[in-house]
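Read the structure below first, then the notes.
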Amino acid sequence: MSSRVRIKDVALHLGISTSTVSRALNPKTSNMISSDVVSKVKRAADKLGYTIDFAAASLRNQRTYTVGVIIPDILNPVFPPIIKGIQEYLAKHDFVTFTLFTNNEQDQAIIEMRKLVSRRVDGVIIASAFLQDASVNLCIDNNLPLVTVNRSIKDGHLIHQVMDDENHGIQLAIGHLVDLGHTHIAHIAGPQNILQGIKRKEAFVQHCQARNIQADIIDATAFTVAAGNEAAQQFLSTQCEATAIVAGNDLIAVGAIQHLLAKNINVPKQVSVVGYNGMPFAEMLSPALTTIAMPAEQMGQQAARLLLNAIEDQGAPKQKVLLAPKLEVRDSTAAPRKQT
């Protein structure tokens with residue numbers, strides 16, 4: 001016997017046919033035989049150290065069993081749960097995930113996409129899309145199955161998408177602040193070349209108008225702590241009288257809180273702050289961050305599911321999956337201080 005364990009070795013060990021072993025180890029055909037046999041085959045394969053020969057499978061199926069994932073910022077803690085959902089889902093179907101990042105730069109996104117195209121990945125999940133995105137166009141031009149997650153492009157109907165419900169999320173944030181008694185709220189919006197920044201800003205205006213809430217808007221230059229810090233400087237320099245801030249994302253919220261505290265503005269007694277995304281460890285900040293939490297891991301799972309479907313059937317109608325965020329109330333929000 002060679003050092004590599006083959007399907008026929010598993011079959012000989014169990015005293016069954018190689019075709020039965022092959023079907024049991026293939027997720028597409030395992031339902032053709034009993035679950036008991038599938039379990040028995042998998043246990044034997046693990047015991048013997050069998051691994052799929054992807055080189056041979058690639059030749060047979062014209063696939064590489066690899067998927068590229070492109071994220072904008074490797075330091076943004078919202079992305080690891082999305083990647084976790086993607087990778088765990090794809091691993092169940094014997095796909096390997098390559099994760100690349102762009103530093104939120106369009107030119108770098110194109111470079112990374114070209115790498116994936118040249119390596120003949122079977123599909124791409126993009127979490128770094130700009131409103132107008134040449135890397136998305138490159139993917140489409142190469143007939144590469146594509147799903148955007150958490151972000152999307154202006155012409156979203158052209159691609160598969162997985163998003164959280166931005167409108168509902170902002171509604172939850174404003175509703176929470178109004179219930180606390182706030183009547184004047186500011187929004188530090190995300191960059192307006194990214195769909196998230198636009199949608200959350202639009203939703204903020206819509207829901208403030210619907211509740212007759214006085215609203216102010218400051219545009220941040222990026223979804224970063226530094227940009228949140230700069231926006232909070234502007235908030236104070238313009239002597240904005242808002243008693244609460246809804247930030248475009250959690251990192252902007254963290255930057256805003258940092259600057260407010262540095263200027264001896266108490267959060268939340270003087271200014272309440274709500275973030276967006278539900279990044280890991282937000283509850284460990286001081287003050288613990290109230291945020292609108294996206295179902296990030298579920299978003300990754302849904303993106304992987306859509307991508308595998310697209311790999312199987314590239315002509316299938318484009319789908320948009322919209323998932324509901326939830327409000328997580330912590331210490332960065334409170335009732336506004338009473339005027340004396």
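How things are named: the first chain in the structure tokens is A, the next is B, and so on; residues count from 1 in each chain; ligands count from 1 in the order shown.
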
DSSP says strand (DSSP E) for which residues of range 149-275 of chain A? Put them as JSON, numbers by chain?
-> {"A": [149, 160, 161, 162, 163, 164, 184, 185, 186, 187, 188, 189, 214, 215, 216, 217, 218, 219, 244, 245, 246, 247, 272, 273, 274, 275]}

Atoms kept (N, CA, C and O atoms) for selection, written as a CSV table (one decimal), in the first residue's frame:
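Done, and the output landed in out27.csv:
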chain,number,residue,atom,x,y,z
A,149,VAL,N,-20.9,40.9,0.4
A,149,VAL,CA,-21.5,40.7,1.8
A,149,VAL,C,-21.1,42.0,2.6
A,149,VAL,O,-20.0,42.5,2.5
A,160,HIS,N,-25.2,38.8,-6.6
A,160,HIS,CA,-25.8,38.3,-5.4
A,160,HIS,C,-25.3,39.1,-4.2
A,160,HIS,O,-24.1,39.5,-4.2
A,161,GLN,N,-26.2,39.4,-3.3
A,161,GLN,CA,-25.8,40.2,-2.1
A,161,GLN,C,-26.3,39.6,-0.8
A,161,GLN,O,-27.4,39.0,-0.8
A,162,VAL,N,-25.5,39.8,0.2
A,162,VAL,CA,-26.0,39.6,1.6
A,162,VAL,C,-25.7,40.8,2.4
A,162,VAL,O,-24.6,41.3,2.5
A,163,MET,N,-26.8,41.4,3.0
A,163,MET,CA,-26.7,42.7,3.7
A,163,MET,C,-27.5,42.6,5.0
A,163,MET,O,-28.4,41.7,5.1
A,164,ASP,N,-27.2,43.5,5.9
A,164,ASP,CA,-28.1,43.7,7.0
A,164,ASP,C,-29.0,44.8,6.7
A,164,ASP,O,-28.8,45.6,5.8
A,184,HIS,N,-32.7,65.7,20.1
A,184,HIS,CA,-31.8,66.3,19.2
A,184,HIS,C,-30.6,65.4,19.1
A,184,HIS,O,-29.9,65.1,20.0
A,185,ILE,N,-30.5,64.8,17.9
A,185,ILE,CA,-29.5,63.7,17.7
A,185,ILE,C,-28.7,64.0,16.5
A,185,ILE,O,-29.2,64.5,15.4
A,186,ALA,N,-27.4,63.7,16.6
A,186,ALA,CA,-26.4,63.9,15.5
A,186,ALA,C,-26.1,62.5,14.9
A,186,ALA,O,-26.1,61.5,15.6
A,187,HIS,N,-25.7,62.5,13.6
A,187,HIS,CA,-25.3,61.3,13.0
A,187,HIS,C,-23.9,61.6,12.4
A,187,HIS,O,-23.7,62.5,11.6
A,188,ILE,N,-22.9,60.8,12.8
A,188,ILE,CA,-21.6,60.8,12.2
A,188,ILE,C,-21.6,59.7,11.1
A,188,ILE,O,-21.5,58.5,11.4
A,189,ALA,N,-21.9,60.2,9.9
A,189,ALA,CA,-22.1,59.2,8.8
A,189,ALA,C,-20.8,58.7,8.2
A,189,ALA,O,-19.7,59.3,8.3
A,214,GLN,N,-34.9,66.7,15.9
A,214,GLN,CA,-33.9,67.6,15.4
A,214,GLN,C,-32.7,66.9,15.1
A,214,GLN,O,-32.2,66.1,15.9
A,215,ALA,N,-32.1,67.0,13.9
A,215,ALA,CA,-31.0,66.2,13.4
A,215,ALA,C,-29.9,67.0,12.9
A,215,ALA,O,-30.1,68.0,12.2
A,216,ASP,N,-28.7,66.5,13.1
A,216,ASP,CA,-27.5,67.1,12.5
A,216,ASP,C,-26.7,66.0,11.9
A,216,ASP,O,-26.7,64.8,12.4
A,217,ILE,N,-25.9,66.3,10.8
A,217,ILE,CA,-25.1,65.2,10.2
A,217,ILE,C,-23.7,65.7,10.0
A,217,ILE,O,-23.5,66.9,9.5
A,218,ILE,N,-22.8,64.9,10.3
A,218,ILE,CA,-21.4,65.1,10.1
A,218,ILE,C,-20.9,63.9,9.3
A,218,ILE,O,-21.1,62.8,9.7
A,219,ASP,N,-20.2,64.2,8.1
A,219,ASP,CA,-19.7,63.1,7.3
A,219,ASP,C,-18.3,62.7,7.7
A,219,ASP,O,-17.4,63.6,7.7
A,244,ALA,N,-27.1,63.3,21.7
A,244,ALA,CA,-26.8,61.9,21.4
A,244,ALA,C,-26.2,61.9,20.0
A,244,ALA,O,-26.5,62.7,19.1
A,245,ILE,N,-25.4,60.9,19.7
A,245,ILE,CA,-24.8,60.6,18.4
A,245,ILE,C,-25.0,59.2,18.0
A,245,ILE,O,-24.9,58.2,18.8
A,246,VAL,N,-25.5,59.0,16.8
A,246,VAL,CA,-25.6,57.7,16.1
A,246,VAL,C,-24.4,57.7,15.1
A,246,VAL,O,-24.3,58.4,14.2
A,247,ALA,N,-23.4,56.8,15.4
A,247,ALA,CA,-22.3,56.7,14.5
A,247,ALA,C,-22.5,55.7,13.4
A,247,ALA,O,-23.3,54.8,13.5
A,272,SER,N,-24.8,60.9,24.6
A,272,SER,CA,-24.9,59.4,24.4
A,272,SER,C,-24.4,59.1,23.0
A,272,SER,O,-24.4,59.9,22.1
A,273,VAL,N,-23.8,57.8,22.9
A,273,VAL,CA,-23.3,57.4,21.6
A,273,VAL,C,-23.7,56.0,21.3
A,273,VAL,O,-23.6,55.1,22.2
A,274,VAL,N,-24.2,55.8,20.1
A,274,VAL,CA,-24.6,54.5,19.6
A,274,VAL,C,-23.7,54.1,18.4
A,274,VAL,O,-23.6,54.9,17.5
A,275,GLY,N,-23.2,52.9,18.4
A,275,GLY,CA,-22.4,52.4,17.3
A,275,GLY,C,-23.3,51.6,16.4
A,275,GLY,O,-24.5,51.5,16.5

Go through range 291-336 of chain A and flag each residue having an atom no more than 12 Å from range 91-103 of chain A; for those, report the closest pair of atoms plus their distance in Å to one decimal, using only C-alpha atoms, ordered by chain and rising number, as CSV.
residue,atom,partner,partner_atom,distance
A:Gln301,CA,A:Ala91,CA,11.1
A:Ala304,CA,A:Ala91,CA,10.0
A:Arg305,CA,A:His93,CA,10.2
A:Leu307,CA,A:Phe95,CA,11.4
A:Leu308,CA,A:His93,CA,8.9
A:Asn309,CA,A:His93,CA,11.7
A:Ile311,CA,A:Phe95,CA,11.7

**Asked** Of the candidates A:Ala220, A:Leu323, A:Val37, A:Val147, which shows the shortest atom-to-atom distance to Ala232 in chain A, using only C-alpha atoms?
**Response**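 Checking each of A:Ala220, A:Leu323, A:Val37, A:Val147 against Ala232 in chain A, counting only C-alpha atoms, the winner is A:Ala220.
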
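Candidate residues A:Pro280, A:Pro325, A:Gly49, A:Gly300 were compared for distance to Gln87 in chain A, and the nearest is A:Gly300, using only C-alpha atoms.
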
So that I can see what lies close to Gln319 in chain A, please list as a tab-separated table (two decimals) with N, CA and C atoms, in the first residue's frame the residues with an atom at most 10 Å from it, counting only C-alpha atoms and leaving out residues fewer than 2 positions away in the same chain.
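Output file selection.tsv follows:
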chain	number	residue	atom	x	y	z
A	147	VAL	N	-20.36	37.06	-4.85
A	147	VAL	CA	-21.33	37.51	-3.86
A	147	VAL	C	-20.70	38.67	-3.09
A	156	GLY	N	-26.70	46.93	-7.58
A	156	GLY	CA	-26.70	45.69	-6.82
A	156	GLY	C	-27.49	44.57	-7.45
A	157	HIS	N	-28.44	44.92	-8.34
A	157	HIS	CA	-29.27	43.88	-8.97
A	157	HIS	C	-28.44	42.98	-9.89
A	158	LEU	N	-27.22	43.39	-10.22
A	158	LEU	CA	-26.37	42.60	-11.13
A	158	LEU	C	-25.66	41.46	-10.43
A	159	ILE	N	-25.69	41.44	-9.10
A	159	ILE	CA	-24.90	40.47	-8.36
A	159	ILE	C	-25.70	39.90	-7.19
A	160	HIS	N	-25.22	38.80	-6.63
A	160	HIS	CA	-25.77	38.26	-5.39
A	160	HIS	C	-25.27	39.10	-4.22
A	161	GLN	N	-26.17	39.37	-3.26
A	161	GLN	CA	-25.81	40.22	-2.12
A	161	GLN	C	-26.31	39.63	-0.81
A	162	VAL	N	-25.53	39.85	0.24
A	162	VAL	CA	-25.99	39.58	1.60
A	162	VAL	C	-25.74	40.85	2.42
A	306	LEU	N	-24.88	31.30	-0.98
A	306	LEU	CA	-25.20	31.89	-2.28
A	306	LEU	C	-24.08	31.64	-3.29
A	310	ALA	N	-24.20	29.76	-6.84
A	310	ALA	CA	-23.79	30.44	-8.07
A	310	ALA	C	-22.74	29.64	-8.83
A	316	ALA	N	-28.39	31.39	-12.60
A	316	ALA	CA	-29.51	31.55	-11.67
A	316	ALA	C	-29.77	33.02	-11.41
A	317	PRO	N	-31.05	33.39	-11.17
A	317	PRO	CA	-31.38	34.79	-10.88
A	317	PRO	C	-30.60	35.31	-9.67
A	321	VAL	N	-30.10	38.78	0.05
A	321	VAL	CA	-30.51	38.30	1.37
A	321	VAL	C	-30.35	39.46	2.35
A	322	LEU	N	-31.44	39.81	3.02
A	322	LEU	CA	-31.44	40.92	3.97
A	322	LEU	C	-31.69	40.35	5.37

Arg43 in chain A surroundings by only C-alpha atoms, 12 Å radius, close-in-sequence under 5 positions cut, as a tab-separated table (two decimals) with all heavy atoms, in the first residue's frame:
chain	number	residue	atom	x	y	z
A	10	VAL	N	-10.19	2.46	1.82
A	10	VAL	CA	-11.31	2.58	2.76
A	10	VAL	C	-12.34	1.49	2.47
A	10	VAL	O	-12.89	0.87	3.38
A	10	VAL	CB	-11.95	3.99	2.67
A	10	VAL	CG1	-13.14	4.09	3.62
A	10	VAL	CG2	-10.93	5.07	2.96
A	13	HIS	N	-11.11	-1.87	3.70
A	13	HIS	CA	-11.17	-1.90	5.16
A	13	HIS	C	-12.57	-2.24	5.65
A	13	HIS	O	-12.74	-2.98	6.63
A	13	HIS	CB	-10.73	-0.54	5.71
A	13	HIS	CG	-10.81	-0.42	7.20
A	13	HIS	ND1	-9.87	-0.98	8.04
A	13	HIS	CD2	-11.74	0.19	8.00
A	13	HIS	CE1	-10.21	-0.72	9.29
A	13	HIS	NE2	-11.33	-0.01	9.30
A	14	LEU	N	-13.59	-1.72	4.94
A	14	LEU	CA	-14.98	-1.92	5.36
A	14	LEU	C	-15.64	-3.10	4.67
A	14	LEU	O	-16.73	-3.53	5.06
A	14	LEU	CB	-15.79	-0.65	5.08
A	14	LEU	CG	-15.44	0.59	5.93
A	14	LEU	CD1	-16.20	1.80	5.40
A	14	LEU	CD2	-15.77	0.34	7.39
A	21	VAL	N	-18.24	4.01	-1.08
A	21	VAL	CA	-17.37	4.92	-0.33
A	21	VAL	C	-17.34	6.28	-1.01
A	21	VAL	O	-17.44	7.32	-0.35
A	21	VAL	CB	-15.94	4.35	-0.22
A	21	VAL	CG1	-15.00	5.38	0.42
A	21	VAL	CG2	-15.95	3.06	0.59
A	24	ALA	N	-20.53	8.14	-0.33
A	24	ALA	CA	-20.64	8.53	1.08
A	24	ALA	C	-19.78	9.76	1.40
A	24	ALA	O	-20.16	10.59	2.23
A	24	ALA	CB	-20.23	7.38	1.98
A	25	LEU	N	-18.66	9.89	0.72
A	25	LEU	CA	-17.74	11.00	1.01
A	25	LEU	C	-18.02	12.24	0.17
A	25	LEU	O	-17.38	13.27	0.37
A	25	LEU	CB	-16.29	10.55	0.78
A	25	LEU	CG	-15.79	9.45	1.73
A	25	LEU	CD1	-14.38	9.02	1.33
A	25	LEU	CD2	-15.82	9.93	3.17
A	36	ASP	N	-26.41	5.62	8.20
A	36	ASP	CA	-25.53	4.74	8.97
A	36	ASP	C	-24.27	4.39	8.18
A	36	ASP	O	-23.16	4.37	8.73
A	36	ASP	CB	-26.27	3.44	9.35
A	36	ASP	CG	-27.31	3.68	10.42
A	36	ASP	OD1	-27.25	4.74	11.07
A	36	ASP	OD2	-28.20	2.81	10.58
A	37	VAL	N	-24.45	4.11	6.90
A	37	VAL	CA	-23.29	3.77	6.05
A	37	VAL	C	-22.40	5.00	5.88
A	37	VAL	O	-21.17	4.89	5.93
A	37	VAL	CB	-23.76	3.23	4.68
A	37	VAL	CG1	-22.56	3.07	3.74
A	37	VAL	CG2	-24.49	1.92	4.85
A	38	VAL	N	-23.01	6.16	5.68
A	38	VAL	CA	-22.24	7.39	5.53
A	38	VAL	C	-21.38	7.63	6.77
A	38	VAL	O	-20.18	7.92	6.68
A	38	VAL	CB	-23.17	8.60	5.29
A	38	VAL	CG1	-22.37	9.91	5.35
A	38	VAL	CG2	-23.85	8.48	3.93
A	48	LEU	N	-8.26	5.95	8.95
A	48	LEU	CA	-7.18	5.55	8.04
A	48	LEU	C	-6.36	6.74	7.54
A	48	LEU	O	-5.29	6.56	6.96
A	48	LEU	CB	-7.77	4.79	6.85
A	48	LEU	CG	-8.43	3.45	7.17
A	48	LEU	CD1	-9.11	2.88	5.93
A	48	LEU	CD2	-7.40	2.45	7.71
A	49	GLY	N	-6.89	7.95	7.76
A	49	GLY	CA	-6.18	9.15	7.30
A	49	GLY	C	-6.44	9.50	5.86
A	49	GLY	O	-5.59	10.09	5.19
A	50	TYR	N	-7.65	9.15	5.36
A	50	TYR	CA	-7.97	9.46	3.97
A	50	TYR	C	-8.22	10.96	3.80
A	50	TYR	O	-8.89	11.60	4.62
A	50	TYR	CB	-9.23	8.70	3.54
A	50	TYR	CG	-9.76	9.17	2.19
A	50	TYR	CD1	-9.17	8.74	1.01
A	50	TYR	CD2	-10.84	10.05	2.12
A	50	TYR	CE1	-9.63	9.19	-0.21
A	50	TYR	CE2	-11.31	10.49	0.90
A	50	TYR	CZ	-10.71	10.07	-0.26
A	50	TYR	OH	-11.17	10.51	-1.48

* Long-range neighbours of range 78-83 of chain A as a list in words, 8 Å cut-off, only C-alpha atoms, 5 positions minimum in chain ->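 Result of the neighbour search: Val69, Ile71, Asp73, Asn277, Gly278, Met279, Pro280, Ala296, Glu297, Gln298, Met299, Gly300 and Gln301 of chain A.
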
| All helix (DSSP H, G or I) positions in range 103-326 of chain A, as a PyMOL selection string | chain A and resi 106-118+134-141+156-158+166-180+195-210+225-237+250-262+282-284+296-312

Handout entry: Within 12 Å of Val271 in chain A using only C-alpha atoms, minus same-chain residues under 2 positions, as a ChimeraX atom specification
Key = /A:177,182,184-186,232,235-236,240-246,253,256-257,259-261,264-269,273-274,287,331-337

Just-selected residues, N, CA, C and O atoms written as a tab-separated table (two decimals), in the first residue's frame:
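The file below, again-v8.tsv, is the result:
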chain	number	residue	atom	x	y	z
A	177	LEU	N	-32.87	55.98	21.50
A	177	LEU	CA	-32.51	57.30	22.02
A	177	LEU	C	-33.75	58.14	22.32
A	177	LEU	O	-33.80	58.85	23.34
A	182	HIS	N	-34.16	61.73	24.28
A	182	HIS	CA	-33.40	62.61	23.40
A	182	HIS	C	-34.29	63.17	22.29
A	182	HIS	O	-35.06	62.44	21.67
A	184	HIS	N	-32.74	65.75	20.15
A	184	HIS	CA	-31.79	66.34	19.20
A	184	HIS	C	-30.63	65.35	19.06
A	184	HIS	O	-29.88	65.12	20.01
A	185	ILE	N	-30.51	64.76	17.89
A	185	ILE	CA	-29.55	63.68	17.66
A	185	ILE	C	-28.66	64.01	16.46
A	185	ILE	O	-29.15	64.51	15.44
A	186	ALA	N	-27.38	63.73	16.58
A	186	ALA	CA	-26.44	63.90	15.47
A	186	ALA	C	-26.06	62.53	14.90
A	186	ALA	O	-26.08	61.52	15.60
A	232	ALA	N	-15.78	63.95	15.72
A	232	ALA	CA	-16.17	64.45	17.04
A	232	ALA	C	-15.57	65.83	17.30
A	232	ALA	O	-16.20	66.67	17.96
A	235	PHE	N	-17.89	68.03	15.64
A	235	PHE	CA	-19.12	68.08	16.44
A	235	PHE	C	-19.00	69.13	17.55
A	235	PHE	O	-19.91	69.93	17.78
A	236	LEU	N	-17.85	69.15	18.22
A	236	LEU	CA	-17.66	70.11	19.31
A	236	LEU	C	-17.35	71.51	18.79
A	236	LEU	O	-17.82	72.50	19.37
A	240	CYS	N	-22.46	71.94	18.32
A	240	CYS	CA	-23.70	71.20	18.09
A	240	CYS	C	-24.36	70.89	19.44
A	240	CYS	O	-23.70	70.47	20.39
A	241	GLU	N	-25.64	71.12	19.53
A	241	GLU	CA	-26.36	70.94	20.79
A	241	GLU	C	-27.03	69.58	20.91
A	241	GLU	O	-27.81	69.34	21.84
A	242	ALA	N	-26.73	68.69	19.99
A	242	ALA	CA	-27.30	67.34	20.07
A	242	ALA	C	-26.84	66.67	21.36
A	242	ALA	O	-25.70	66.83	21.79
A	243	THR	N	-27.75	65.91	21.97
A	243	THR	CA	-27.42	65.20	23.21
A	243	THR	C	-27.07	63.74	22.97
A	243	THR	O	-26.82	62.99	23.91
A	244	ALA	N	-27.09	63.34	21.69
A	244	ALA	CA	-26.76	61.95	21.35
A	244	ALA	C	-26.18	61.88	19.95
A	244	ALA	O	-26.46	62.74	19.11
A	245	ILE	N	-25.37	60.86	19.73
A	245	ILE	CA	-24.75	60.62	18.43
A	245	ILE	C	-25.05	59.18	17.99
A	245	ILE	O	-24.86	58.25	18.77
A	246	VAL	N	-25.49	59.04	16.76
A	246	VAL	CA	-25.55	57.72	16.13
A	246	VAL	C	-24.39	57.66	15.14
A	246	VAL	O	-24.34	58.44	14.19
A	253	ALA	N	-17.73	55.26	16.27
A	253	ALA	CA	-18.24	55.52	17.62
A	253	ALA	C	-17.10	55.53	18.64
A	253	ALA	O	-17.05	56.40	19.53
A	256	ALA	N	-15.16	58.72	18.29
A	256	ALA	CA	-15.92	59.85	18.81
A	256	ALA	C	-15.89	59.88	20.33
A	256	ALA	O	-15.69	60.93	20.95
A	257	ILE	N	-16.07	58.73	20.95
A	257	ILE	CA	-16.04	58.65	22.41
A	257	ILE	C	-14.67	59.04	22.94
A	257	ILE	O	-14.55	59.77	23.93
A	259	HIS	N	-12.53	61.12	21.70
A	259	HIS	CA	-12.35	62.58	21.65
A	259	HIS	C	-13.23	63.28	22.68
A	259	HIS	O	-12.77	64.23	23.34
A	260	LEU	N	-14.46	62.84	22.83
A	260	LEU	CA	-15.35	63.46	23.81
A	260	LEU	C	-14.78	63.34	25.22
A	260	LEU	O	-14.76	64.32	25.99
A	261	LEU	N	-14.31	62.16	25.57
A	261	LEU	CA	-13.74	61.95	26.90
A	261	LEU	C	-12.48	62.79	27.10
A	261	LEU	O	-12.23	63.33	28.19
A	264	ASN	N	-13.22	66.13	28.22
A	264	ASN	CA	-13.98	66.13	29.47
A	264	ASN	C	-15.49	66.20	29.26
A	264	ASN	O	-16.22	66.76	30.08
A	265	ILE	N	-15.95	65.62	28.13
A	265	ILE	CA	-17.38	65.47	27.88
A	265	ILE	C	-17.77	64.08	28.35
A	265	ILE	O	-17.26	63.08	27.84
A	266	ASN	N	-18.65	64.01	29.32
A	266	ASN	CA	-19.03	62.73	29.89
A	266	ASN	C	-19.93	61.95	28.94
A	266	ASN	O	-20.92	62.48	28.43
A	267	VAL	N	-19.55	60.71	28.67
A	267	VAL	CA	-20.38	59.79	27.89
A	267	VAL	C	-20.83	58.68	28.84
A	267	VAL	O	-20.00	57.99	29.43
A	268	PRO	N	-22.13	58.58	29.11
A	268	PRO	CA	-23.27	59.12	28.34
A	268	PRO	C	-23.99	60.31	29.00
A	268	PRO	O	-25.01	60.76	28.47
A	269	LYS	N	-23.51	60.82	30.15
A	269	LYS	CA	-24.29	61.82	30.88
A	269	LYS	C	-24.52	63.09	30.07
A	269	LYS	O	-25.59	63.70	30.14
A	273	VAL	N	-23.81	57.85	22.91
A	273	VAL	CA	-23.25	57.42	21.63
A	273	VAL	C	-23.71	55.98	21.33
A	273	VAL	O	-23.61	55.10	22.18
A	274	VAL	N	-24.22	55.80	20.11
A	274	VAL	CA	-24.62	54.48	19.61
A	274	VAL	C	-23.74	54.12	18.42
A	274	VAL	O	-23.58	54.92	17.50
A	287	PRO	N	-16.88	53.73	28.20
A	287	PRO	CA	-18.04	52.92	28.59
A	287	PRO	C	-18.32	51.83	27.56
A	287	PRO	O	-17.97	51.97	26.38
A	331	ASP	N	-23.54	50.81	28.24
A	331	ASP	CA	-23.34	51.98	29.10
A	331	ASP	C	-23.12	53.30	28.36
A	331	ASP	O	-23.02	54.34	29.01
A	332	SER	N	-23.00	53.29	27.04
A	332	SER	CA	-22.69	54.54	26.33
A	332	SER	C	-23.93	55.37	26.01
A	332	SER	O	-23.82	56.42	25.39
A	333	THR	N	-25.10	54.91	26.44
A	333	THR	CA	-26.33	55.68	26.24
A	333	THR	C	-27.08	55.82	27.56
A	333	THR	O	-27.09	54.88	28.38
A	334	ALA	N	-27.71	56.98	27.73
A	334	ALA	CA	-28.50	57.26	28.94
A	334	ALA	C	-29.46	58.39	28.61
A	334	ALA	O	-29.38	59.03	27.55
A	335	ALA	N	-30.36	58.67	29.53
A	335	ALA	CA	-31.28	59.80	29.37
A	335	ALA	C	-30.47	61.10	29.33
A	335	ALA	O	-29.44	61.21	30.01
A	336	PRO	N	-30.91	62.07	28.54
A	336	PRO	CA	-30.18	63.35	28.49
A	336	PRO	C	-30.25	64.09	29.83
A	336	PRO	O	-31.21	63.95	30.57
A	337	ARG	N	-29.18	64.83	30.10
A	337	ARG	CA	-29.14	65.62	31.32
A	337	ARG	C	-30.21	66.69	31.28
A	337	ARG	O	-30.40	67.39	30.27

- Message: So that I can see what lies close to Ile111 in chain A, please list as number ranges by chain the residues with an atom at most 12 Å from it, counting only C-alpha atoms and leaving out residues fewer than 5 positions away in the same chain.
- Response: A: 70, 100-103, 105-106, 116-118, 134-136, 138-139
